[in-house]
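This report refers to the structure that appears directly beneath it.
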Amino acid sequence: MNNLFVYCEVENGKVADVSLELLTKGRSLAQQLGCQLEAVLVGYQLDSLAQSLFEYGADVVHVADDKRLYPYLTLPHTAIVNALIKQEQPQIALMGATTIGRDLGPRVSSALHSGLTADCTSLEIGDHADTKGNEYKNLLYQIRPAFGGNIIATIVNPECRPQMATVREGVMKKEALPAPKKGIIKKADVAKILNDTDFVVKIIDRQIEERKIDIKNAGIIVSGGYGMGSKENFALLHELAAVLGGEVGASRAAVDAGLAEHERQVGQTGVTVRPKLYIACGISGQIQHTAGMDQSAMVIAINNDPNAPINQLADYAITGDVCEVVNKLIKYYKKNSK
Amino acid sequence: MKIVVLAKQVPDTRNVGKNAMKEDGTVNRAALPAIFNPEDLNALEQALRLKDKHAGSTVQLLTMGPGRAADIIREGLFRGADGGVLLTDRKFAGADTLATSYALSRALQKLQPDLIIAGRQAIDGDTAQVGPQVAEKLNFPQVTYAEEIVGYNGKEIVIKRRLEHGVETVSSTLPLVVTVHGSAAPCRPRHAKCLMKYKHSRTATEQQENPSPYYNESLRITEWGVADVGGEEQQFGLSGSPTKVKKIENIVFAAKEAKRLTAADKDVEELVIELIGNHTIG
C-alpha cells in the first residue's frame with residue numbers, strides 16, 4: 001500500500017522534535033488519505049525509541065539498527081532510505097529541514113528521481129489539474145515561501161513518487177496520542193543493504209553542544225533587525241529580554257550583519273516561534289522573517305519608519321527611535337512591576 | 001587537483017526595499033540587482049585556498065543561466081579562478097533543482113573534476129538541494145554544511161562541518177562534492193592583476209554581440225548547451241522537473257489595524273502598565 005513515510009532523526013539517544021512534529025502532521029495527512037503512517041528510524045540501539053513512535057501515531061516503524069548507522073552519515077542513511085522506499089513504495093516521504101534532512105532528502109530524491117520541496121511551512125492534501133487536462137487526486141500540496149520570502153508557492157509532484165518535502169523544526173505542532181497506537185516494528189536487513197563504499201566519508205571528531213540559546217520555547221521574545229545598527233545597540237535587547245524573562249531573537253539581516261548568533265534567527269530559514277509576546281525592534285518585516293513569528297499571540301513593533309511592513313501585523317506599532325523606546329520599556333517595567 | 005566551483009547568479013532577494021515593491025505591494029523582480037550567490041563566494045574562497053596550497057591545482061567555475069550569467073564567471077576570474085563554463089540553452093529553462101542537477105552533472109562528467117565545491121544554497125530558493133543531487137547523479141560522496149576545508153594530504157581531505165548544535169570534522173577521499181555554509185571564510189576581493197587579465201574575457205556570443213578589440217581565444221568563457229553536454233533531452237528543463245508550481249501568491253502586505261504609539265514616555269508607560277495588567281509580562 002502507498003503509505004506516508006516520516007524519516008525520524010536520532011540525536012543523543014532521542015528522536016528529534018522535528019520528527020515527532022512530522023509524525024503528528026503525517027498522522028492527520030494519512031487519515032485524510034486513508035493510508036498508514038510509517039516511521040523510518042535509522043541509528044543504533046533503537047528498541048525503546050522505536051516503541052515511543054507509536055505514541056505519535058506510527059502504524060509501522062521501520063528500524064535500521066546498526067552500530068555503523070550512528071552518528072548520521074550521508075551514504076549509509078541514503079542507502080537504507082532508498083531501499084525502504086523501493087520496497088514499500090510510499091506516496092509521501094517527509095523529513096526535517098535540518099542539517100540531516102537537507103543532506104539526505106536531495107540525495108534520495110536524486111537517486112529515485114522524485115520531486116523534493118525544501119522548508120515547507122504548510123502541507124495539505126488536494127487535487128490538481130495541469131494545463132494538458134490531466135487530473136490528479138489527493139496530491140500533497142507543498143507550500144513554502146520562495147524568492148526570499150516574497151512569494152508563497154504551492155508545489156505539487158504530479159507524476160513522481162514519493163512526493164518528498166522537508167519541514168523546519170517548530171513549524172508543525174508536536175502532539176502525542178492520548179493512548180499509544182498498537183503498531184508493528186519491521187527490521188530492515190541492514191547488512192544486506194550497506195556496502196563498504198558507503199563509508200568513504202568518516203567522522204573524525206564531533207563536538208555536539210546542547211543548544212544553549214532556546215528561542216523556540218521562550219514565552220517572550222525580544223527580536224532585533226538590521227535597524228538596530230550596532231552590536232552595542234543590540235546589547236540593549238539582551239537587557240530588555242533579561243528584565244522581561246525572555247530570549248533575544250533576530251532577523252536574517254541582523255544575523256548576516258553579525259549582530260546576533262545564527263541560533264537566534266527567526267524566520268523561514270531560521271526558527272519558527274509562537275511566543276505570547278514578540279517585540280520586533282528595528283525589523284522591517286519581510287515575509288522571510290514574519291513567516292517565523294506571525295503566529296505570536298501579541299506583536300509589538302518598534303520602528304522609526306511608520307510604514308514598515310511589520311506594523312501591519314503588529315498589535316502595537318511604536319514609531320520612534322528604537323534605542324530610546326527600548327530604554328523606556330526597561331525603565332517603566334522596572335518601575336511598574338512588583 | 002582539479003576543482004570546479006558551482007556558482008549561481010541570483011536576484012538579491014535580501015534587500016527587497018521599498019523601491020523594489022510595486023504599487024500593489026508585490027515585488028518588482030526586475031528592480032532587484034543580479035548578484036553572485038553569497039554562499040557560492042564562500043565556496044570559491046575554499047577552492048582558491050586549496051589552489052594556493054597545492055601547486056598545479058586549477059579552479060574552474062560552472063554556472064547555468066542566461067547569457068548575462070557570464071558575469072559570475074568573470075567575477076570568479078577576477079578573484080583568482082582559472083576558467084569557467086556557462087551552461088546556457090533554452091532547453092534548460094524551467095528546471096527545478098533535480099533538472100538543474102542533471103544538467104550540471106552532465107557538464108561535470110565532461111569536466112572530470114576531483115573536487116566539486118558549491119555554496120550550501122542559493123538565496124532565491126534556499127533549497128540546499130542542488131549540491132547533494134549533483135553528488136548522487138555523479139555517484140560521488142558528499143560533505144554538506146562545510147565551514148572549512150582543513151587540509152588535503154594528497155589522499156584524504158579533512159573538512160569541518162557546521163551543524164545546528166556543534167561542529168563535526170570528517171575525512172574523505174576524492175572525488176567528492178562539498179557544499180559550503182555561509183559561516184565559512186568570506187571570499188577574497190578581486191585581484192588587480194586578474195582584473196587586468198580577464199577584463200575582456202567573454203563568451204563567444206558576447207564577443208559577437210559586443211566585440212572587444214582586446215579579446216583573444218585565451219579569454220574565451222566556454223558556453224555549452226544541451227548538444228555539448230549530451231544526455232537525455234527530456235531530463236533537462238521543465239520536462240525533467242518532477243516538481244510543478246501549482247500556485248504563486250505574491251505577498252501583499254495586507255492592512256490590519258495596529259494601535260499606533262509614539263516614543264513618548266506617556267505612551268510607553270501606559271503600554272507597559274497594560275501589558276502587566278493583562279499578564280502578558282510580569
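By order in the C-alpha cells, chains are A, B, ...; within a chain, residues start at 1; ligands start at 1, following the order shown.
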Exercise: Leu236 of chain A partners within 12 Å, only C-alpha atoms, chain neighbours under 4 positions left out, as an mmCIF file with N, CA and C atoms, in the first residue's frame:
data_model
loop_
_atom_site.group_PDB
_atom_site.id
_atom_site.type_symbol
_atom_site.label_atom_id
_atom_site.label_comp_id
_atom_site.auth_asym_id
_atom_site.auth_seq_id
_atom_site.Cartn_x
_atom_site.Cartn_y
_atom_site.Cartn_z
ATOM 1 N N VAL A 222 12.343 39.146 22.429
ATOM 2 C CA VAL A 222 12.709 40.497 22.014
ATOM 3 C C VAL A 222 13.628 40.324 20.816
ATOM 4 N N SER A 223 13.185 40.755 19.648
ATOM 5 C CA SER A 223 13.900 40.427 18.432
ATOM 6 C C SER A 223 14.425 41.696 17.764
ATOM 7 N N GLY A 224 15.633 41.615 17.264
ATOM 8 C CA GLY A 224 16.235 42.785 16.646
ATOM 9 C C GLY A 224 16.528 42.571 15.177
ATOM 10 N N MET A 228 18.814 47.846 14.153
ATOM 11 C CA MET A 228 19.459 48.097 15.445
ATOM 12 C C MET A 228 20.818 48.765 15.249
ATOM 13 N N GLY A 229 21.401 48.545 14.088
ATOM 14 C CA GLY A 229 22.591 49.306 13.711
ATOM 15 C C GLY A 229 23.912 48.781 14.229
ATOM 16 N N SER A 230 24.008 48.477 15.514
ATOM 17 C CA SER A 230 25.317 48.074 16.032
ATOM 18 C C SER A 230 25.154 47.013 17.104
ATOM 19 N N LYS A 231 26.280 46.386 17.425
ATOM 20 C CA LYS A 231 26.282 45.375 18.484
ATOM 21 C C LYS A 231 25.936 45.996 19.826
ATOM 22 N N GLU A 232 26.385 47.214 20.023
ATOM 23 C CA GLU A 232 26.122 47.907 21.288
ATOM 24 C C GLU A 232 24.614 48.097 21.462
ATOM 25 N N LEU A 240 16.657 44.129 27.819
ATOM 26 C CA LEU A 240 15.192 44.094 27.904
ATOM 27 C C LEU A 240 14.703 42.655 28.069
ATOM 28 N N ALA A 241 15.285 41.736 27.299
ATOM 29 C CA ALA A 241 14.873 40.328 27.384
ATOM 30 C C ALA A 241 15.131 39.786 28.786
ATOM 31 N N ALA A 242 16.269 40.140 29.363
ATOM 32 C CA ALA A 242 16.603 39.653 30.702
ATOM 33 C C ALA A 242 15.596 40.192 31.722
ATOM 34 N N VAL A 243 15.254 41.454 31.588
ATOM 35 C CA VAL A 243 14.306 42.085 32.516
ATOM 36 C C VAL A 243 12.928 41.417 32.415
ATOM 37 N N VAL A 248 16.352 36.606 23.283
ATOM 38 C CA VAL A 248 16.599 37.532 22.186
ATOM 39 C C VAL A 248 16.556 36.778 20.856
ATOM 40 N N LEU A 259 25.201 40.876 13.963
ATOM 41 C CA LEU A 259 24.691 41.461 15.207
ATOM 42 C C LEU A 259 24.237 40.390 16.191
ATOM 43 N N CYS A 281 12.151 44.816 17.111
ATOM 44 C CA CYS A 281 12.859 46.087 17.236
ATOM 45 C C CYS A 281 13.718 46.349 15.997
ATOM 46 N N VAL A 322 14.483 53.340 18.145
ATOM 47 C CA VAL A 322 14.388 52.029 18.782
ATOM 48 C C VAL A 322 15.065 52.023 20.154
ATOM 49 N N CYS A 323 16.274 52.570 20.229
ATOM 50 C CA CYS A 323 17.017 52.502 21.480
ATOM 51 C C CYS A 323 16.307 53.291 22.577
ATOM 52 N N GLU A 324 15.773 54.416 22.189
ATOM 53 C CA GLU A 324 15.044 55.236 23.157
ATOM 54 C C GLU A 324 13.839 54.470 23.702
ATOM 55 N N VAL A 325 13.080 53.860 22.812
ATOM 56 C CA VAL A 325 11.878 53.141 23.241
ATOM 57 C C VAL A 325 12.254 51.942 24.110
ATOM 58 N N VAL A 326 13.288 51.198 23.702
ATOM 59 C CA VAL A 326 13.686 50.013 24.488
ATOM 60 C C VAL A 326 14.137 50.441 25.880
ATOM 61 N N ASN A 327 14.900 51.497 25.946
ATOM 62 C CA ASN A 327 15.319 52.008 27.260
ATOM 63 C C ASN A 327 14.120 52.363 28.129
ATOM 64 N N LYS A 328 13.127 52.975 27.504
ATOM 65 C CA LYS A 328 11.930 53.351 28.274
ATOM 66 C C LYS A 328 11.132 52.130 28.706
ATOM 67 N N LEU A 329 11.094 51.119 27.844
ATOM 68 C CA LEU A 329 10.385 49.882 28.234
ATOM 69 C C LEU A 329 11.034 49.283 29.479
ATOM 70 N N ILE A 330 12.378 49.275 29.472
ATOM 71 C CA ILE A 330 13.105 48.723 30.622
ATOM 72 C C ILE A 330 12.778 49.549 31.875
#
Using only C-alpha atoms, what does the table of chain A residues within 6 Å of chain B look like, with each row giving the shortest atom pair and its distance in Å to one decimal, sorted by chain and ascending number, as a tab-separated table?
residue	atom	partner	partner_atom	distance
A:Pro106	CA	B:Gln129	CA	5.1
A:Arg107	CA	B:Gln133	CA	5.2
A:Ser110	CA	B:Gln133	CA	5.0
A:Gly115	CA	B:Pro242	CA	4.8
A:Ala118	CA	B:Thr127	CA	5.2
A:Ala146	CA	B:Gly125	CA	5.8
A:Phe147	CA	B:Asp124	CA	4.6
A:Gly148	CA	B:Thr13	CA	5.0
A:Asn150	CA	B:Ile251	CA	5.7
A:Ile151	CA	B:Asn250	CA	4.5
A:Ile152	CA	B:Glu249	CA	5.0
A:Ala153	CA	B:Ile248	CA	4.5
A:Thr154	CA	B:Lys247	CA	5.0
A:Ile155	CA	B:Val245	CA	4.6
A:Val156	CA	B:Lys244	CA	5.3
A:Asn157	CA	B:Thr243	CA	4.7
A:Val200	CA	B:Ser172	CA	5.8
A:Val201	CA	B:Ser172	CA	4.5
A:Lys202	CA	B:Ser171	CA	5.3
A:Ile203	CA	B:Val170	CA	4.3
A:Ile204	CA	B:Val170	CA	5.2
A:Asp205	CA	B:Thr169	CA	5.0
A:Arg206	CA	B:Glu168	CA	4.4
A:Gln207	CA	B:Val167	CA	5.3
A:Ile208	CA	B:Gly166	CA	4.4
A:Glu209	CA	B:Gly166	CA	5.3
A:Arg211	CA	B:His165	CA	5.8
A:Gln312	CA	B:Lys256	CA	5.3
A:Ala314	CA	B:Ala258	CA	5.6
A:Asp315	CA	B:Ala258	CA	4.8
A:Tyr316	CA	B:Lys259	CA	4.7
A:Ala317	CA	B:Arg260	CA	5.0
A:Ile318	CA	B:Leu261	CA	4.6
A:Thr319	CA	B:Thr262	CA	5.2
A:Gly320	CA	B:Ala263	CA	5.2
A:Val325	CA	B:Ala263	CA	5.6
A:Tyr332	CA	B:Glu269	CA	5.6
**Q.** Residues flagged alpha helix (DSSP H) by DSSP in segment 232-327 of chain A, as a PyMOL selection string
**A.** chain A and resi 232-244+252-256+287-290+322-327
For the residues in that selection, give me C-alpha atoms as a PDB file, in the first residue's frame.
ATOM      1  CA  GLU A 232      26.122  47.907  21.288  1.00  0.00           C
ATOM      2  CA  ASN A 233      22.524  48.742  20.458  1.00  0.00           C
ATOM      3  CA  PHE A 234      21.753  45.069  20.128  1.00  0.00           C
ATOM      4  CA  ALA A 235      23.005  44.551  23.680  1.00  0.00           C
ATOM      5  CA  LEU A 236      20.067  46.688  24.823  1.00  0.00           C
ATOM      6  CA  LEU A 237      17.734  43.984  23.562  1.00  0.00           C
ATOM      7  CA  HIS A 238      19.521  41.441  25.755  1.00  0.00           C
ATOM      8  CA  GLU A 239      18.909  43.756  28.661  1.00  0.00           C
ATOM      9  CA  LEU A 240      15.192  44.094  27.904  1.00  0.00           C
ATOM     10  CA  ALA A 241      14.873  40.328  27.384  1.00  0.00           C
ATOM     11  CA  ALA A 242      16.603  39.653  30.702  1.00  0.00           C
ATOM     12  CA  VAL A 243      14.306  42.085  32.516  1.00  0.00           C
ATOM     13  CA  LEU A 244      11.178  40.533  30.972  1.00  0.00           C
ATOM     14  CA  ARG A 252      18.191  37.266   8.982  1.00  0.00           C
ATOM     15  CA  ALA A 253      19.575  40.685   8.092  1.00  0.00           C
ATOM     16  CA  ALA A 254      20.770  41.162  11.682  1.00  0.00           C
ATOM     17  CA  VAL A 255      22.395  37.725  11.717  1.00  0.00           C
ATOM     18  CA  ASP A 256      24.024  38.328   8.336  1.00  0.00           C
ATOM     19  CA  ILE A 287       7.899  37.779   4.830  1.00  0.00           C
ATOM     20  CA  GLN A 288      11.091  35.764   5.261  1.00  0.00           C
ATOM     21  CA  HIS A 289      11.027  36.983   8.860  1.00  0.00           C
ATOM     22  CA  THR A 290       7.311  37.230   9.552  1.00  0.00           C
ATOM     23  CA  VAL A 322      14.388  52.029  18.782  1.00  0.00           C
ATOM     24  CA  CYS A 323      17.017  52.502  21.480  1.00  0.00           C
ATOM     25  CA  GLU A 324      15.044  55.236  23.157  1.00  0.00           C
ATOM     26  CA  VAL A 325      11.878  53.141  23.241  1.00  0.00           C
ATOM     27  CA  VAL A 326      13.686  50.013  24.488  1.00  0.00           C
ATOM     28  CA  ASN A 327      15.319  52.008  27.260  1.00  0.00           C
TER      29      ASN A 327
END
**Q.** Nearest to Glu9 of chain A by atom-to-atom distance, counting only C-alpha atoms, from A:Ala297, A:Ala165, A:Ile100, A:Leu84
**A.**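 Nearest to Glu9 of chain A: A:Ile100.
If you look at atom CA of Ala260 of chain A and atom CA of Ala31 of chain B, they are 29.0 Å away from each other.
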Q) Which is closer to Gln60 of chain B than all the others in B:Gln112, B:Asn37, B:Asn42, B:Gln208, using only C-alpha atoms? A)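 So, comparing all the options, the nearest one is B:Gln112.
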**Q.** In segment 48-272 of chain B, DSSP strand (DSSP E) residues written as an MDAnalysis selection string
**A.** chainID B and resid 58:64 83:87 115:119 142:152 156:163 166:173 176:180 202:203 220:224 244:250 259:262
Go ahead and write the selection's residues with C-alpha atoms as an mmCIF file, in the first residue's frame.
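Result written to again_1.cif:
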data_model
loop_
_atom_site.group_PDB
_atom_site.id
_atom_site.type_symbol
_atom_site.label_atom_id
_atom_site.label_comp_id
_atom_site.auth_asym_id
_atom_site.auth_seq_id
_atom_site.Cartn_x
_atom_site.Cartn_y
_atom_site.Cartn_z
ATOM 1 C CA THR B 58 43.082 24.595 -11.093
ATOM 2 C CA VAL B 59 39.778 26.223 -10.202
ATOM 3 C CA GLN B 60 37.004 26.440 -12.756
ATOM 4 C CA LEU B 61 33.540 27.853 -12.316
ATOM 5 C CA LEU B 62 30.428 26.203 -13.647
ATOM 6 C CA THR B 63 27.189 28.115 -13.810
ATOM 7 C CA MET B 64 23.863 27.624 -15.513
ATOM 8 C CA GLY B 83 38.374 29.466 -16.181
ATOM 9 C CA GLY B 84 34.702 28.795 -16.418
ATOM 10 C CA VAL B 85 31.833 27.231 -18.256
ATOM 11 C CA LEU B 86 28.432 28.802 -18.813
ATOM 12 C CA LEU B 87 25.652 26.299 -19.348
ATOM 13 C CA LEU B 115 36.588 18.060 -6.197
ATOM 14 C CA ILE B 116 33.334 19.967 -6.649
ATOM 15 C CA ILE B 117 32.628 22.818 -4.266
ATOM 16 C CA ALA B 118 29.327 24.691 -4.144
ATOM 17 C CA GLY B 119 27.535 27.065 -1.839
ATOM 18 C CA GLN B 142 29.180 14.499 -0.285
ATOM 19 C CA VAL B 143 30.019 16.701 2.666
ATOM 20 C CA THR B 144 27.414 19.419 3.231
ATOM 21 C CA TYR B 145 27.403 22.418 5.562
ATOM 22 C CA ALA B 146 31.195 22.722 5.341
ATOM 23 C CA GLU B 147 32.759 25.607 7.207
ATOM 24 C CA GLU B 148 36.369 24.953 6.340
ATOM 25 C CA ILE B 149 38.422 22.609 4.233
ATOM 26 C CA VAL B 150 41.048 21.965 6.857
ATOM 27 C CA GLY B 151 43.602 20.121 4.764
ATOM 28 C CA TYR B 152 44.413 17.699 1.988
ATOM 29 C CA GLU B 156 42.416 12.358 2.146
ATOM 30 C CA ILE B 157 40.662 15.652 2.545
ATOM 31 C CA VAL B 158 39.597 16.853 6.005
ATOM 32 C CA ILE B 159 36.572 19.095 6.363
ATOM 33 C CA LYS B 160 34.940 20.856 9.280
ATOM 34 C CA ARG B 161 31.132 21.000 9.161
ATOM 35 C CA ARG B 162 28.837 23.433 10.914
ATOM 36 C CA LEU B 163 25.770 21.661 12.318
ATOM 37 C CA GLY B 166 28.017 21.950 17.123
ATOM 38 C CA VAL B 167 30.856 21.075 14.837
ATOM 39 C CA GLU B 168 31.783 17.836 13.101
ATOM 40 C CA THR B 169 35.093 17.050 11.423
ATOM 41 C CA VAL B 170 35.081 14.453 8.663
ATOM 42 C CA SER B 171 37.564 12.981 6.225
ATOM 43 C CA SER B 172 37.024 11.595 2.764
ATOM 44 C CA THR B 173 38.873 10.522 -0.318
ATOM 45 C CA LEU B 176 33.861 14.492 -3.554
ATOM 46 C CA VAL B 177 31.158 17.162 -3.535
ATOM 47 C CA VAL B 178 31.415 19.768 -0.782
ATOM 48 C CA THR B 179 28.768 22.396 -0.046
ATOM 49 C CA VAL B 180 29.907 25.408 1.932
ATOM 50 C CA ARG B 202 33.845 36.927 -22.952
ATOM 51 C CA THR B 203 31.712 34.120 -24.190
ATOM 52 C CA ARG B 220 37.061 32.851 -24.026
ATOM 53 C CA ILE B 221 34.470 31.732 -21.494
ATOM 54 C CA THR B 222 33.174 28.370 -22.612
ATOM 55 C CA GLU B 223 29.500 28.143 -23.468
ATOM 56 C CA TRP B 224 27.771 24.793 -23.507
ATOM 57 C CA LYS B 244 5.482 21.732 -10.592
ATOM 58 C CA VAL B 245 4.407 25.084 -9.320
ATOM 59 C CA LYS B 246 0.681 24.888 -8.769
ATOM 60 C CA LYS B 247 0.147 28.371 -7.462
ATOM 61 C CA ILE B 248 2.108 31.506 -6.678
ATOM 62 C CA GLU B 249 0.763 34.040 -4.280
ATOM 63 C CA ASN B 250 2.527 37.329 -4.201
ATOM 64 C CA LYS B 259 -2.586 50.534 17.755
ATOM 65 C CA ARG B 260 -0.241 53.399 16.927
ATOM 66 C CA LEU B 261 2.007 54.701 19.673
ATOM 67 C CA THR B 262 4.842 57.189 19.836
#
Q: Provide the atom CA of Ala81 of chain B to atom CA of Lys155 of chain B distance in Å, to one decimal place.
A: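 Value for the atom CA of Ala81 of chain B-atom CA of Lys155 of chain B distance: 23.1 Å.
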Can you tell me which residues surround Ala30 of chain A at a distance of at most 8 Å, considering only C-alpha atoms, apart from same-chain residues fewer than 5 positions away, and format the answer as an mmCIF file with N, CA and C atoms, in the first residue's frame?
data_model
loop_
_atom_site.group_PDB
_atom_site.id
_atom_site.type_symbol
_atom_site.label_atom_id
_atom_site.label_comp_id
_atom_site.auth_asym_id
_atom_site.auth_seq_id
_atom_site.Cartn_x
_atom_site.Cartn_y
_atom_site.Cartn_z
ATOM 1 N N ASN A 3 1.845 4.251 1.445
ATOM 2 C CA ASN A 3 1.665 4.932 2.726
ATOM 3 C C ASN A 3 2.456 6.216 2.805
ATOM 4 N N LEU A 4 2.518 6.753 4.015
ATOM 5 C CA LEU A 4 3.228 8.004 4.245
ATOM 6 C C LEU A 4 4.427 7.719 5.143
ATOM 7 N N CYS A 35 -4.477 6.205 4.380
ATOM 8 C CA CYS A 35 -3.319 5.307 4.321
ATOM 9 C C CYS A 35 -2.682 5.224 5.698
ATOM 10 N N GLN A 36 -1.619 4.451 5.789
ATOM 11 C CA GLN A 36 -0.954 4.282 7.076
ATOM 12 C C GLN A 36 0.234 5.218 7.215
ATOM 13 N N LEU A 37 0.607 5.441 8.466
ATOM 14 C CA LEU A 37 1.758 6.279 8.778
ATOM 15 C C LEU A 37 2.923 5.361 9.151
#
Q: Show which residues sit within 9 Å of Asn217 of chain A, as a list in words. Count only C-alpha atoms, and ignore same-chain residues fewer than 4 positions away.
A: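 Once the nearby chain positions are removed, what remains is Val273, Arg274 and Pro275 of chain A.
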Go ahead and save the residues from that selection, with C-alpha atoms, as a compact mmCIF listing (two decimals), in the first residue's frame.
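File again_15.txt, as written:
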# COMPACT_ATOMS: atom_id res chain seq x y z
CA VAL A 273 8.35 30.82 17.13
CA ARG A 274 4.95 31.30 18.74
CA PRO A 275 5.58 33.28 21.90
Find the spatial neighbours of Asp228 of chain B, counting only C-alpha atoms, within a cut-off of 10 Å - ignore same-chain residues fewer than 2 positions away - and output them as an mmCIF file with N, CA and C atoms, in the first residue's frame.
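Ended up saving to selection.cif:
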data_model
loop_
_atom_site.group_PDB
_atom_site.id
_atom_site.type_symbol
_atom_site.label_atom_id
_atom_site.label_comp_id
_atom_site.auth_asym_id
_atom_site.auth_seq_id
_atom_site.Cartn_x
_atom_site.Cartn_y
_atom_site.Cartn_z
ATOM 1 N N LEU B 87 26.637 27.202 -18.762
ATOM 2 C CA LEU B 87 25.652 26.299 -19.348
ATOM 3 C C LEU B 87 24.444 27.140 -19.707
ATOM 4 N N ARG B 106 25.846 16.526 -16.095
ATOM 5 C CA ARG B 106 26.310 16.209 -17.457
ATOM 6 C C ARG B 106 27.564 17.016 -17.794
ATOM 7 N N ALA B 107 27.531 18.295 -17.447
ATOM 8 C CA ALA B 107 28.694 19.145 -17.721
ATOM 9 C C ALA B 107 29.893 18.678 -16.895
ATOM 10 N N LYS B 110 31.891 15.939 -18.248
ATOM 11 C CA LYS B 110 32.856 16.374 -19.261
ATOM 12 C C LYS B 110 34.085 16.990 -18.625
ATOM 13 N N GLU B 223 30.957 28.220 -23.532
ATOM 14 C CA GLU B 223 29.500 28.143 -23.468
ATOM 15 C C GLU B 223 29.081 26.748 -23.915
ATOM 16 N N TRP B 224 28.278 26.096 -23.111
ATOM 17 C CA TRP B 224 27.771 24.793 -23.507
ATOM 18 C C TRP B 224 26.258 24.784 -23.483
ATOM 19 N N GLY B 225 25.692 24.098 -24.446
ATOM 20 C CA GLY B 225 24.250 23.866 -24.465
ATOM 21 C C GLY B 225 23.973 22.374 -24.347
ATOM 22 N N VAL B 226 22.714 22.021 -24.525
ATOM 23 C CA VAL B 226 22.323 20.613 -24.417
ATOM 24 C C VAL B 226 23.150 19.740 -25.358
ATOM 25 N N GLY B 230 25.261 16.548 -23.902
ATOM 26 C CA GLY B 230 24.631 15.260 -24.175
ATOM 27 C C GLY B 230 23.613 14.881 -23.109
ATOM 28 N N GLY B 231 23.206 13.616 -23.121
ATOM 29 C CA GLY B 231 22.222 13.167 -22.137
ATOM 30 C C GLY B 231 20.833 13.073 -22.735
#
(Q) Report, in Å with one decimal, the straight-line distance from atom CA of Ile143 of chain A to atom CA of Thr99 of chain A. (A)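 Going from atom CA of Ile143 of chain A over to atom CA of Thr99 of chain A covers 20.3 Å.
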